[in-house]
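What follows is the content of input.txt (compact mmCIF, C-alpha atoms).
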# COMPACT_ATOMS: atom_id res chain seq x y z
CA LEU A 256 7.17 -10.26 42.19
CA ILE A 257 3.47 -9.42 41.88
CA LYS A 258 1.70 -11.57 44.46
CA ASN A 259 -1.87 -12.43 45.46
CA GLY A 260 -3.54 -10.68 42.53
CA ARG A 261 -6.34 -12.04 40.37
CA VAL A 262 -4.41 -12.71 37.18
CA ILE A 263 -6.53 -12.47 34.02
CA ASP A 264 -4.72 -13.40 30.80
CA PRO A 265 -7.25 -14.33 28.10
CA ALA A 266 -4.45 -15.28 25.67
CA ASN A 267 -3.58 -18.20 27.94
CA LYS A 268 -7.07 -18.70 29.41
CA ILE A 269 -5.84 -17.77 32.90
CA ASP A 270 -8.19 -16.34 35.52
CA LYS A 271 -7.05 -17.12 39.05
CA VAL A 272 -5.44 -15.62 42.14
CA THR A 273 -1.73 -16.31 41.82
CA ASN A 274 1.72 -14.74 41.51
CA VAL A 275 3.57 -13.24 38.54
CA PHE A 276 7.37 -13.17 38.62
CA ILE A 277 9.29 -10.77 36.38
CA GLU A 278 13.02 -11.00 35.68
CA ASN A 279 15.18 -8.96 33.27
CA GLY A 280 12.13 -7.34 31.67
CA LYS A 281 10.42 -10.65 30.86
CA ILE A 282 7.68 -12.78 32.40
CA LYS A 283 9.60 -15.51 34.22
CA SER A 284 6.80 -17.50 35.84
CA ILE A 285 3.13 -17.53 36.81
CA GLY A 286 2.03 -19.73 39.70
CA PRO A 287 1.73 -20.19 43.43
CA LYS A 288 5.48 -20.05 44.06
CA ALA A 289 6.87 -16.75 45.34
CA PRO A 290 10.54 -16.47 44.30
CA LYS A 291 12.71 -14.01 46.20
CA ALA A 292 12.57 -10.66 44.42
CA GLY A 293 14.22 -7.27 44.72
CA LYS A 294 10.78 -5.66 44.53
CA THR A 295 7.44 -7.12 45.64
CA ILE A 296 3.97 -5.75 44.90
CA ASP A 297 1.09 -7.09 46.98
CA ALA A 298 -1.81 -7.12 44.51
CA LYS A 299 -4.41 -8.58 46.86
CA GLY A 300 -7.84 -7.40 45.75
CA LEU A 301 -6.49 -6.18 42.40
CA ILE A 302 -6.78 -7.42 38.82
CA VAL A 303 -3.44 -8.21 37.16
CA THR A 304 -3.60 -8.17 33.37
CA PRO A 305 -1.23 -8.08 30.42
CA GLY A 306 -0.33 -4.47 29.64
CA LEU A 307 -3.37 -2.82 28.08
CA ILE A 308 -3.25 -1.85 24.39
CA ASP A 309 -5.00 1.14 22.79
CA MET A 310 -4.91 0.40 19.08
CA HIS A 311 -6.19 3.75 17.85
CA VAL A 312 -4.68 7.03 19.08
CA HIS A 313 -3.53 10.32 17.58
CA LEU A 314 -0.28 11.64 19.02
CA ARG A 315 -0.05 14.70 16.70
CA GLU A 316 3.73 14.58 16.37
CA PRO A 317 5.08 15.74 13.98
CA GLY A 318 3.10 18.84 13.08
CA LYS A 319 0.86 19.76 16.00
CA GLU A 320 3.05 19.44 19.06
CA ASP A 321 0.98 22.15 20.82
CA GLU A 322 -1.87 19.61 21.06
CA GLU A 323 0.14 16.49 21.90
CA THR A 324 3.58 14.97 21.54
CA ILE A 325 4.71 11.38 21.62
CA ALA A 326 6.15 12.10 25.09
CA SER A 327 2.96 13.65 26.51
CA GLY A 328 0.74 11.12 24.73
CA THR A 329 2.62 8.15 26.12
CA ALA A 330 2.51 9.74 29.58
CA ALA A 331 -1.27 9.94 29.18
CA ALA A 332 -1.33 6.31 28.04
CA ILE A 333 0.55 5.16 31.13
CA ASN A 334 -1.72 7.24 33.35
CA GLY A 335 -4.70 5.48 31.79
CA GLY A 336 -3.23 2.00 32.27
CA PHE A 337 -1.96 1.44 28.71
CA THR A 338 1.49 0.03 28.09
CA SER A 339 1.20 0.04 24.28
CA VAL A 340 -0.54 2.30 21.77
CA ALA A 341 -0.83 2.35 17.98
CA CYS A 342 -0.70 5.87 16.54
CA MET A 343 -2.50 6.98 13.41
CA PRO A 344 -0.64 8.60 10.49
CA ASN A 345 -2.63 11.84 10.14
CA THR A 346 0.32 13.92 11.24
CA ASP A 347 1.99 16.71 9.28
CA PRO A 348 3.73 15.35 7.32
CA ALA A 349 1.87 12.05 7.25
CA ILE A 350 3.52 8.81 8.33
CA ASP A 351 3.80 7.58 4.75
CA ASN A 352 7.45 6.49 4.44
CA GLU A 353 10.03 4.41 6.27
CA ALA A 354 11.81 7.32 7.94
CA SER A 355 8.60 8.73 9.41
CA ALA A 356 7.71 5.34 10.92
CA GLU A 357 11.19 5.03 12.40
CA PHE A 358 10.84 8.58 13.81
CA VAL A 359 7.88 7.43 15.89
CA TYR A 360 9.89 4.58 17.39
CA LEU A 361 12.82 6.91 18.12
CA GLN A 362 10.66 9.50 19.88
CA ALA A 363 8.88 6.81 21.89
CA LYS A 364 12.21 5.37 22.99
CA ARG A 365 13.38 8.82 24.06
CA ALA A 366 10.18 9.34 26.06
CA GLY A 367 10.69 6.03 27.87
CA LYS A 368 7.05 5.42 28.70
CA ALA A 369 4.53 3.35 26.72
CA ASN A 370 5.43 1.32 23.64
CA VAL A 371 4.33 3.07 20.44
CA PHE A 372 3.53 1.23 17.21
CA PRO A 373 3.02 3.41 14.13
CA ILE A 374 0.19 2.86 11.67
CA GLY A 375 1.41 3.75 8.18
CA ALA A 376 -0.63 5.74 5.68
CA VAL A 377 -2.34 3.73 2.95
CA THR A 378 -1.77 6.48 0.39
CA LYS A 379 0.93 9.10 -0.11
CA GLY A 380 0.08 12.17 1.92
CA ARG A 381 -3.22 10.47 2.81
CA LYS A 382 -4.62 11.97 -0.38
CA GLY A 383 -6.30 8.75 -1.47
CA GLU A 384 -4.68 8.78 -4.88
CA GLU A 385 -1.49 6.70 -4.90
CA LEU A 386 -0.50 3.85 -2.61
CA SER A 387 2.30 4.62 -0.17
CA GLU A 388 5.48 2.57 -0.13
CA MET A 389 3.87 -0.04 2.08
CA GLY A 390 6.87 -2.37 2.05
CA GLN A 391 9.17 0.38 3.28
CA LEU A 392 6.64 1.40 5.94
CA PHE A 393 6.49 -2.19 7.12
CA ARG A 394 10.29 -2.30 7.24
CA GLY A 395 10.21 0.91 9.31
CA GLY A 396 7.92 -0.77 11.84
CA ALA A 397 4.37 -0.01 10.70
CA VAL A 398 1.92 -2.55 12.15
CA GLY A 399 -1.04 -1.63 9.96
CA PHE A 400 -2.13 0.84 7.29
CA SER A 401 -4.79 3.55 7.42
CA ASP A 402 -5.67 6.98 6.09
CA ASP A 403 -7.68 7.56 9.27
CA GLY A 404 -9.34 10.93 9.42
CA GLU A 405 -10.08 10.36 5.75
CA PRO A 406 -11.84 7.35 4.25
CA ILE A 407 -10.21 5.53 1.36
CA LYS A 408 -12.62 6.95 -1.19
CA SER A 409 -11.52 4.98 -4.25
CA ALA A 410 -12.67 1.36 -4.32
CA GLU A 411 -9.78 0.57 -6.68
CA VAL A 412 -7.21 2.01 -4.24
CA MET A 413 -8.83 0.11 -1.37
CA ARG A 414 -8.72 -3.11 -3.38
CA ARG A 415 -5.01 -2.72 -4.18
CA ALA A 416 -4.24 -1.80 -0.58
CA LEU A 417 -5.90 -4.98 0.67
CA GLU A 418 -3.98 -7.01 -1.91
CA TYR A 419 -0.59 -5.48 -1.10
CA SER A 420 -1.10 -5.68 2.66
CA ARG A 421 -1.42 -9.47 2.39
CA MET A 422 2.34 -9.60 1.76
CA PHE A 423 2.93 -8.28 5.27
CA ASP A 424 -0.06 -9.92 6.99
CA LYS A 425 -1.17 -6.51 8.28
CA PRO A 426 -4.66 -4.98 8.31
CA ILE A 427 -6.04 -2.09 6.34
CA ILE A 428 -7.81 0.07 8.92
CA ASP A 429 -10.53 2.14 7.30
CA HIS A 430 -12.42 5.17 8.51
CA CYS A 431 -15.73 4.20 6.89
CA GLU A 432 -17.55 7.22 5.57
CA ASP A 433 -19.06 8.18 2.24
CA MET A 434 -17.93 11.78 1.91
CA ASP A 435 -20.56 12.59 -0.74
CA LEU A 436 -23.29 11.75 1.76
CA ILE A 437 -21.96 13.67 4.75
CA ARG A 438 -20.59 16.79 3.03
CA ASP A 439 -20.72 19.55 5.69
CA GLY A 440 -22.31 17.40 8.40
CA VAL A 441 -21.34 18.04 12.03
CA MET A 442 -23.45 15.49 13.96
CA SER A 443 -25.55 12.40 13.36
CA GLU A 444 -28.53 12.99 11.12
CA GLY A 445 -31.83 12.56 12.96
CA SER A 446 -34.45 14.32 15.03
CA VAL A 447 -31.85 16.01 17.25
CA SER A 448 -29.90 17.49 14.33
CA VAL A 449 -33.16 18.78 12.83
CA THR A 450 -34.20 20.31 16.16
CA LEU A 451 -30.83 22.02 16.57
CA GLY A 452 -30.62 23.16 12.97
CA LEU A 453 -27.27 21.43 12.42
CA VAL A 454 -26.29 19.61 9.24
CA GLY A 455 -26.56 15.86 9.81
CA MET A 456 -24.30 12.97 8.90
CA PRO A 457 -26.54 10.02 7.96
CA PRO A 458 -25.68 6.62 9.44
CA VAL A 459 -25.91 5.11 5.96
CA SER A 460 -22.72 6.98 5.01
CA GLU A 461 -20.83 4.66 7.35
CA GLU A 462 -22.78 1.56 6.41
CA ILE A 463 -22.23 1.92 2.66
CA MET A 464 -18.46 2.02 3.15
CA VAL A 465 -18.48 -0.88 5.60
CA TYR A 466 -20.39 -2.93 3.03
CA ARG A 467 -17.98 -1.93 0.24
CA ASP A 468 -14.90 -2.72 2.30
CA ILE A 469 -16.25 -6.11 3.34
CA ALA A 470 -16.96 -6.95 -0.31
CA LEU A 471 -13.39 -5.98 -1.24
CA ALA A 472 -11.95 -7.96 1.69
CA LYS A 473 -13.83 -11.00 0.42
CA LEU A 474 -12.53 -10.43 -3.12
CA THR A 475 -8.90 -9.99 -2.07
CA ASP A 476 -8.76 -12.19 1.03
CA GLY A 477 -7.09 -9.23 2.72
CA LYS A 478 -7.33 -8.24 6.37
CA LEU A 479 -9.85 -5.47 6.99
CA HIS A 480 -10.30 -3.61 10.27
CA ILE A 481 -13.25 -1.24 10.75
CA ALA A 482 -12.23 1.73 12.89
CA HIS A 483 -14.59 3.27 15.48
CA ILE A 484 -17.75 1.44 14.35
CA SER A 485 -20.85 3.37 15.42
CA THR A 486 -24.13 2.18 13.86
CA LYS A 487 -26.47 -0.73 14.37
CA ARG A 488 -26.46 -1.73 10.70
CA ALA A 489 -22.65 -1.58 10.48
CA VAL A 490 -22.39 -4.01 13.41
CA GLU A 491 -24.75 -6.41 11.66
CA LEU A 492 -22.71 -6.21 8.44
CA VAL A 493 -19.55 -7.16 10.34
CA ARG A 494 -21.38 -9.96 12.15
CA GLN A 495 -22.55 -11.50 8.88
CA ALA A 496 -19.14 -11.08 7.27
CA LYS A 497 -17.46 -12.94 10.12
CA LYS A 498 -19.97 -15.75 9.81
CA GLY A 499 -19.02 -15.93 6.13
CA GLY A 500 -15.34 -16.35 6.94
CA ILE A 501 -14.24 -12.92 5.72
CA LYS A 502 -11.16 -11.50 7.47
CA VAL A 503 -12.80 -8.52 9.12
CA THR A 504 -12.39 -7.11 12.62
CA ALA A 505 -13.79 -4.02 14.32
CA GLU A 506 -13.22 -1.65 17.21
CA VAL A 507 -15.55 0.60 19.20
CA THR A 508 -14.86 3.65 21.36
CA PRO A 509 -16.10 4.35 24.91
CA HIS A 510 -17.93 7.48 23.75
CA HIS A 511 -19.91 5.57 21.13
CA LEU A 512 -20.79 3.04 23.81
CA THR A 513 -22.03 5.61 26.33
CA LEU A 514 -23.02 8.93 24.73
CA THR A 515 -25.91 9.72 22.37
CA ASP A 516 -26.56 12.66 20.07
CA ASP A 517 -28.84 14.08 22.80
CA TYR A 518 -25.70 15.23 24.61
CA VAL A 519 -25.15 17.85 21.90
CA LYS A 520 -28.51 19.37 22.81
CA THR A 521 -28.38 19.01 26.60
CA SER A 522 -24.80 20.33 26.79
CA ASP A 523 -25.75 23.53 24.94
CA PHE A 524 -23.57 22.75 21.91
CA ASN A 525 -20.48 21.71 23.90
CA THR A 526 -17.91 20.95 21.19
CA ASN A 527 -16.39 18.19 23.32
CA TYR A 528 -19.28 16.07 22.05
CA LYS A 529 -18.30 16.68 18.42
CA VAL A 530 -16.64 13.52 17.17
CA ASN A 531 -16.34 11.63 13.89
CA PRO A 532 -18.12 9.31 13.44
CA PRO A 533 -20.72 11.31 15.37
CA LEU A 534 -22.55 10.23 18.49
CA ARG A 535 -25.55 8.13 17.49
CA THR A 536 -28.78 6.93 19.15
CA LYS A 537 -29.68 4.62 22.03
CA SER A 538 -30.52 1.79 19.61
CA ASP A 539 -27.06 2.11 18.07
CA ILE A 540 -25.48 1.95 21.53
CA GLU A 541 -27.41 -1.22 22.35
CA ALA A 542 -26.23 -2.79 19.08
CA LEU A 543 -22.62 -1.87 19.87
CA LYS A 544 -22.90 -3.42 23.32
CA SER A 545 -24.38 -6.59 21.82
CA GLY A 546 -21.56 -6.67 19.27
CA LEU A 547 -18.99 -6.50 22.03
CA LYS A 548 -20.75 -9.18 24.02
CA ASP A 549 -20.97 -11.71 21.17
CA GLY A 550 -17.50 -11.03 19.75
CA THR A 551 -18.59 -9.22 16.59
CA ILE A 552 -16.59 -6.21 17.83
CA ASP A 553 -13.07 -7.29 18.76
CA ALA A 554 -11.50 -4.32 20.49
CA ILE A 555 -12.17 -1.14 22.43
CA ALA A 556 -10.02 1.85 21.42
CA SER A 557 -10.03 5.45 22.56
CA ASP A 558 -9.56 7.27 19.23
CA HIS A 559 -7.65 9.76 21.41
CA ALA A 560 -7.74 12.98 19.37
CA PRO A 561 -6.27 15.99 21.19
CA HIS A 562 -7.22 19.54 20.26
CA SER A 563 -6.23 22.82 21.89
CA GLU A 564 -8.73 24.84 23.88
CA GLU A 565 -8.56 27.60 21.28
CA GLU A 566 -9.58 25.19 18.52
CA LYS A 567 -12.53 23.75 20.43
CA ASP A 568 -13.79 27.00 21.98
CA VAL A 569 -15.66 28.10 18.85
CA GLU A 570 -19.11 27.59 17.30
CA TYR A 571 -20.15 23.94 17.07
CA ASN A 572 -20.29 23.82 13.28
CA VAL A 573 -16.69 25.06 12.83
CA ALA A 574 -15.00 23.22 15.72
CA PRO A 575 -12.76 20.26 14.81
CA PHE A 576 -13.94 16.72 15.40
CA GLY A 577 -12.29 14.73 18.19
CA ILE A 578 -11.87 14.15 21.90
CA ILE A 579 -9.14 12.81 24.16
CA GLY A 580 -9.68 9.37 25.65
CA MET A 581 -6.67 7.37 26.81
CA GLU A 582 -7.04 8.47 30.43
CA THR A 583 -10.81 7.85 30.58
CA LEU A 584 -11.25 4.68 28.51
CA LEU A 585 -10.71 2.16 31.30
CA PRO A 586 -12.76 3.84 34.06
CA VAL A 587 -15.65 4.63 31.72
CA VAL A 588 -15.98 1.09 30.33
CA LEU A 589 -15.50 -0.45 33.78
CA THR A 590 -18.25 1.76 35.18
CA GLU A 591 -20.71 1.54 32.30
CA LEU A 592 -20.11 -1.97 30.98
CA VAL A 593 -18.43 -4.22 33.53
CA HIS A 594 -20.06 -3.00 36.74
CA LYS A 595 -23.43 -2.89 34.96
CA LYS A 596 -22.85 -6.46 33.75
CA VAL A 597 -23.03 -5.66 30.04
CA ILE A 598 -19.77 -7.56 29.53
CA THR A 599 -17.50 -9.47 31.89
CA ILE A 600 -14.12 -8.32 33.11
CA ASN A 601 -12.59 -11.13 31.03
CA GLN A 602 -14.27 -9.82 27.88
CA LEU A 603 -13.01 -6.33 28.63
CA VAL A 604 -9.45 -7.52 29.18
CA SER A 605 -9.62 -9.47 25.89
CA ALA A 606 -10.77 -6.33 24.05
CA LEU A 607 -7.81 -4.40 25.48
CA THR A 608 -5.03 -7.00 25.24
CA VAL A 609 -5.00 -10.18 23.17
CA ASN A 610 -7.47 -9.00 20.51
CA PRO A 611 -5.74 -5.75 19.48
CA ALA A 612 -2.38 -7.57 19.63
CA ARG A 613 -3.74 -10.25 17.29
CA ILE A 614 -5.24 -7.72 14.88
CA LEU A 615 -1.99 -5.74 14.62
CA GLY A 616 0.28 -8.77 14.79
CA ILE A 617 2.37 -7.47 17.68
CA ALA A 618 4.04 -9.54 20.40
CA LYS A 619 2.09 -7.94 23.24
CA GLY A 620 -1.13 -8.55 25.13
CA THR A 621 -0.08 -11.70 27.00
CA LEU A 622 1.64 -12.86 30.18
CA SER A 623 3.15 -15.90 28.48
CA ILE A 624 6.49 -17.08 29.88
CA GLY A 625 9.24 -15.18 28.07
CA ALA A 626 6.91 -12.37 26.94
CA ASP A 627 7.78 -8.72 27.52
CA ALA A 628 6.88 -7.81 31.09
CA ASP A 629 4.12 -5.32 30.30
CA VAL A 630 1.59 -5.50 33.11
CA THR A 631 -1.38 -3.42 34.28
CA LEU A 632 -2.81 -3.60 37.81
CA ILE A 633 -6.44 -2.51 38.14
CA ASP A 634 -8.50 -1.63 41.20
CA LEU A 635 -12.09 -2.41 40.19
CA ASN A 636 -13.52 -0.62 43.21
CA LYS A 637 -11.56 2.64 43.11
CA GLU A 638 -14.14 5.45 43.05
CA TRP A 639 -13.09 8.84 41.71
CA VAL A 640 -14.24 11.83 39.68
CA ILE A 641 -12.79 12.50 36.24
CA ASP A 642 -10.93 15.82 36.23
CA PRO A 643 -9.20 16.68 32.92
CA ALA A 644 -7.06 19.28 34.72
CA LYS A 645 -5.15 16.37 36.25
CA PHE A 646 -4.52 14.58 32.95
CA LYS A 647 -1.06 14.01 31.52
CA SER A 648 -2.27 14.82 28.00
CA LYS A 649 -1.53 18.32 26.72
CA SER A 650 -5.17 18.76 25.71
CA ARG A 651 -8.38 18.91 27.73
CA ASN A 652 -11.15 18.20 25.19
CA CYS A 653 -12.87 15.54 27.32
CA PRO A 654 -16.64 14.84 27.31
CA PHE A 655 -16.48 12.87 30.57
CA ALA A 656 -15.38 15.71 32.87
CA GLY A 657 -17.14 15.47 36.21
CA TRP A 658 -18.23 11.85 35.77
CA LYS A 659 -18.15 9.72 38.91
CA VAL A 660 -16.51 6.45 37.91
CA LYS A 661 -15.53 3.19 39.54
CA GLY A 662 -12.30 1.46 38.58
CA ARG A 663 -8.81 2.59 37.70
CA ALA A 664 -5.36 1.35 36.72
CA ILE A 665 -3.17 1.96 39.76
CA SER A 666 0.12 0.41 38.67
CA VAL A 667 1.72 0.05 35.25
CA ILE A 668 4.83 -1.91 34.35
CA VAL A 669 6.52 -1.61 30.94
CA ASN A 670 9.33 -3.98 30.00
CA GLY A 671 9.78 -4.80 33.68
CA GLN A 672 10.02 -1.16 34.79
CA ILE A 673 7.41 0.19 37.21
CA LEU A 674 6.25 3.50 35.68
CA VAL A 675 3.14 4.14 37.79
Represent the structure of the file as C-alpha cells.
Amino acid sequence: LIKNGRVIDPANKIDKVTNVFIENGKIKSIGPKAPKAGKTIDAKGLIVTPGLIDMHVHLREPGKEDEETIASGTAAAINGGFTSVACMPNTDPAIDNEASAEFVYLQAKRAGKANVFPIGAVTKGRKGEELSEMGQLFRGGAVGFSDDGEPIKSAEVMRRALEYSRMFDKPIIDHCEDMDLIRDGVMSEGSVSVTLGLVGMPPVSEEIMVYRDIALAKLTDGKLHIAHISTKRAVELVRQAKKGGIKVTAEVTPHHLTLTDDYVKTSDFNTNYKVNPPLRTKSDIEALKSGLKDGTIDAIASDHAPHSEEEKDVEYNVAPFGIIGMETLLPVVLTELVHKKVITINQLVSALTVNPARILGIAKGTLSIGADADVTLIDLNKEWVIDPAKFKSKSRNCPFAGWKVKGRAISVIVNGQILV
C-alpha cells in the first residue's frame, strides 16, 4: 500500500492525494480506502507516478560491455527513477534480427531491475542499404525501429521502412542529420565554433532531414518519431506537421534543454559537452521549451550514451559523441523546468510516462487497474549535488557534475517489487 501521496497519472487524468494498492505485481486499486497490506509506504509529501520511461538509451551490450551492460544500465535506470527503458540497436553486432532482440529481453530478465524494450535496426548492420527483417524483429520484441547513431540516408529506404512499419504499428525513429553537410563537424556551427576553430555542424543539416522525413511520413501514412530534436526550425516543422495530421512525434533531451554551445568554450574543451546533435544556442533552447509546453515535443529522453574515461580523455575533435543521462534526467528537468515554471509537473510526468508508452505501443506508463505495478515516488524538494562517482552506470561522462539540483526519485517499484 502506498498511502497519502499525490498521485499523478496523466493517462487517467488523475492528480490527487490518495492511496495506491498493489497486489500480485498489479495495480489493484486507487482511492481513499487503505486495504491491509504486508508492506506500507507513507508517501505524504511525495509525488506518486506511473513508472518513468526513458525511450532512448544506449546500453552497449553486446560489444562494449566495458562502457555499459544491460545489468549496469538498468541499475542506473532504477537509480534515476526509471522502471522501463528502450535501448537503441547500435551495438556490436547490431540488434537487427530476432535473436538479438530476444537477447536483450533475456539479459534484462537476468538483471532483474528495469524493464528493457529493444529498438530494432531499420537496416541490416545499420548500414543504410537493405531493410532488416522487421517482422522477425517485431516477433522478437522490438517496439520500434531505428539506425540511431546514423541517419537513414536514403530517402527510398526511409520510405520503405515507414511503409513496412505500418504492418506492426511501430514508429521509425530517425536520427535526423544530413551527413554531407556535417562531414567532420564536432559542435554546432556558429560564432562559438568559429572562435574556437572547431569544425561546425550547421543546424540546417538536422532541419533538412526532419523536413524530408515528415514528407515521407505524409506520403506513406507511417509513424515517424524524431529523436533528440535540437533546433528551433526543426521544432516548427514538427509543429506544422502535427497540425496537418501527419503521424509525427518528437523527443528532446535534458542537455539540449539546458546547455548551449558556450559550454564548450567556458569548460575549456571538456569533451563531456560533445554530443550529437550538438549543443545549440539560447534561441534553440527557448524553442525546445515552447515545444514541450505546447505539446509539439511529446517526450523527454536521456539519450544515455556511456563512454569510458579513456575514450573521452582526448582532444575535443577526436573524442566520441555522447554523455550519460539516466541518473540526471529527472533532477535536471525538475530543477530547470518544473521549479522554474517552464512546464508543470503534470506535463513532465506525461513526457516521461504515457507519451513514450503511446509512441512505442507498450503497456506501461499508467496506474490503471490491472496494469503492471511499475511506480516511481518523487521528492520534489530533495536538494542534492550531482556526483557521477556515485552513479550506478559504468561510465562517468556526465556534463552535470557538481550541479546543485532539487528533486529526486526516492523509491522505485517494478512489477510490484520495491527495488529502491
message: Taking only C-alpha atoms into account, name the residue in A:Thr551, A:Thr295, A:Ser545, A:Asn525 that is nearest to Val493 in chain A.
response: A:Thr551
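Take the candidates A:Ala341, A:Ile624, A:Met442, A:Leu592 and check each one against Ser401 in chain A using only C-alpha atoms; the shortest distance goes to A:Ala341.
Here CA of Asp523 in chain A and CA of Ser650 in chain A stand 21.1 Å from one another.
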field: Who sits within 8 Å of Val609 in chain A, all atoms listed in the file, same chain under 2 positions skipped, as a ChimeraX atom specification
entry: /A:265-266,604-607,611-613,619-621
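Considering the residues A:Val454, A:Val569, A:Leu615, A:Ile463 and counting all atoms listed in the file, Leu479 in chain A has its shortest atom-to-atom contact with A:Leu615.
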query: When distances are computed from only C-alpha atoms, which of A:Pro575, A:Thr513, A:Leu547, A:Asp629 shows the smallest separation from Gln602 in chain A?
result: A:Leu547
field: Polymer residues at most 8 Å from Val359 in chain A, all atoms listed in the file, same-chain spacing of 6 or more positions, as an MDAnalysis selection string
entry: chainID A and resid 325 371:373
field: Nearest to Phe423 in chain A, chosen from A:Ala542, A:Ala397, A:Ile407, A:Val588, with only C-alpha atoms counted in the distances
entry: A:Ala397
Which of A:Lys502, A:Lys294, A:Arg365, A:Lys408 sits closest to Thr329 in chain A [using all atoms listed in the file]: A:Arg365
task: Would you list the contacts of Ile269 in chain A as number ranges by chain, taking every protein, DNA or RNA residue within 12 Å and counting all atoms listed in the file, but skipping same-chain residues closer than 5 positions in sequence?
output: A: 261-264, 274-275, 285-286, 302-305, 601, 604-605, 621-623
query: Around (7.4, -13.8, 34.2) in the file's own coordinates, what residues are found within 9 Å if you use all atoms listed in the file, given back as a VMD selection string?
result: chain A and resid 256 275 to 278 280 to 285 622 to 628
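Take CA of Glu582 in chain A and CA of Leu512 in chain A: the distance between them is 16.2 Å.
Atom to atom, CA of Lys647 in chain A and CA of Ile333 in chain A stand 9.0 Å apart.
Residues in contact with Ala326 in chain A at up to 9 Å, not including ones fewer than 6 positions away on its chain and judged by only C-alpha atoms, are Leu314, Gln362, Ala363, Arg365, Ala366, Gly367 and Lys368 of chain A.
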Create the file for the chosen residues now, containing C-alpha atoms and written as an mmCIF file, in the frame of the given file.
data_model
loop_
_atom_site.group_PDB
_atom_site.id
_atom_site.type_symbol
_atom_site.label_atom_id
_atom_site.label_comp_id
_atom_site.auth_asym_id
_atom_site.auth_seq_id
_atom_site.Cartn_x
_atom_site.Cartn_y
_atom_site.Cartn_z
ATOM 1 C CA LEU A 314 -0.280 11.640 19.020
ATOM 2 C CA GLN A 362 10.660 9.500 19.880
ATOM 3 C CA ALA A 363 8.880 6.810 21.890
ATOM 4 C CA ARG A 365 13.380 8.820 24.060
ATOM 5 C CA ALA A 366 10.180 9.340 26.060
ATOM 6 C CA GLY A 367 10.690 6.030 27.870
ATOM 7 C CA LYS A 368 7.050 5.420 28.700
#
- request: Name the residues in contact with Lys537 in chain A at a cut-off of 12 Å, using only C-alpha atoms, excluding same-chain residues fewer than 4 positions from it; report them as number ranges by chain.
  value: A: 485-487, 511-518, 541-544
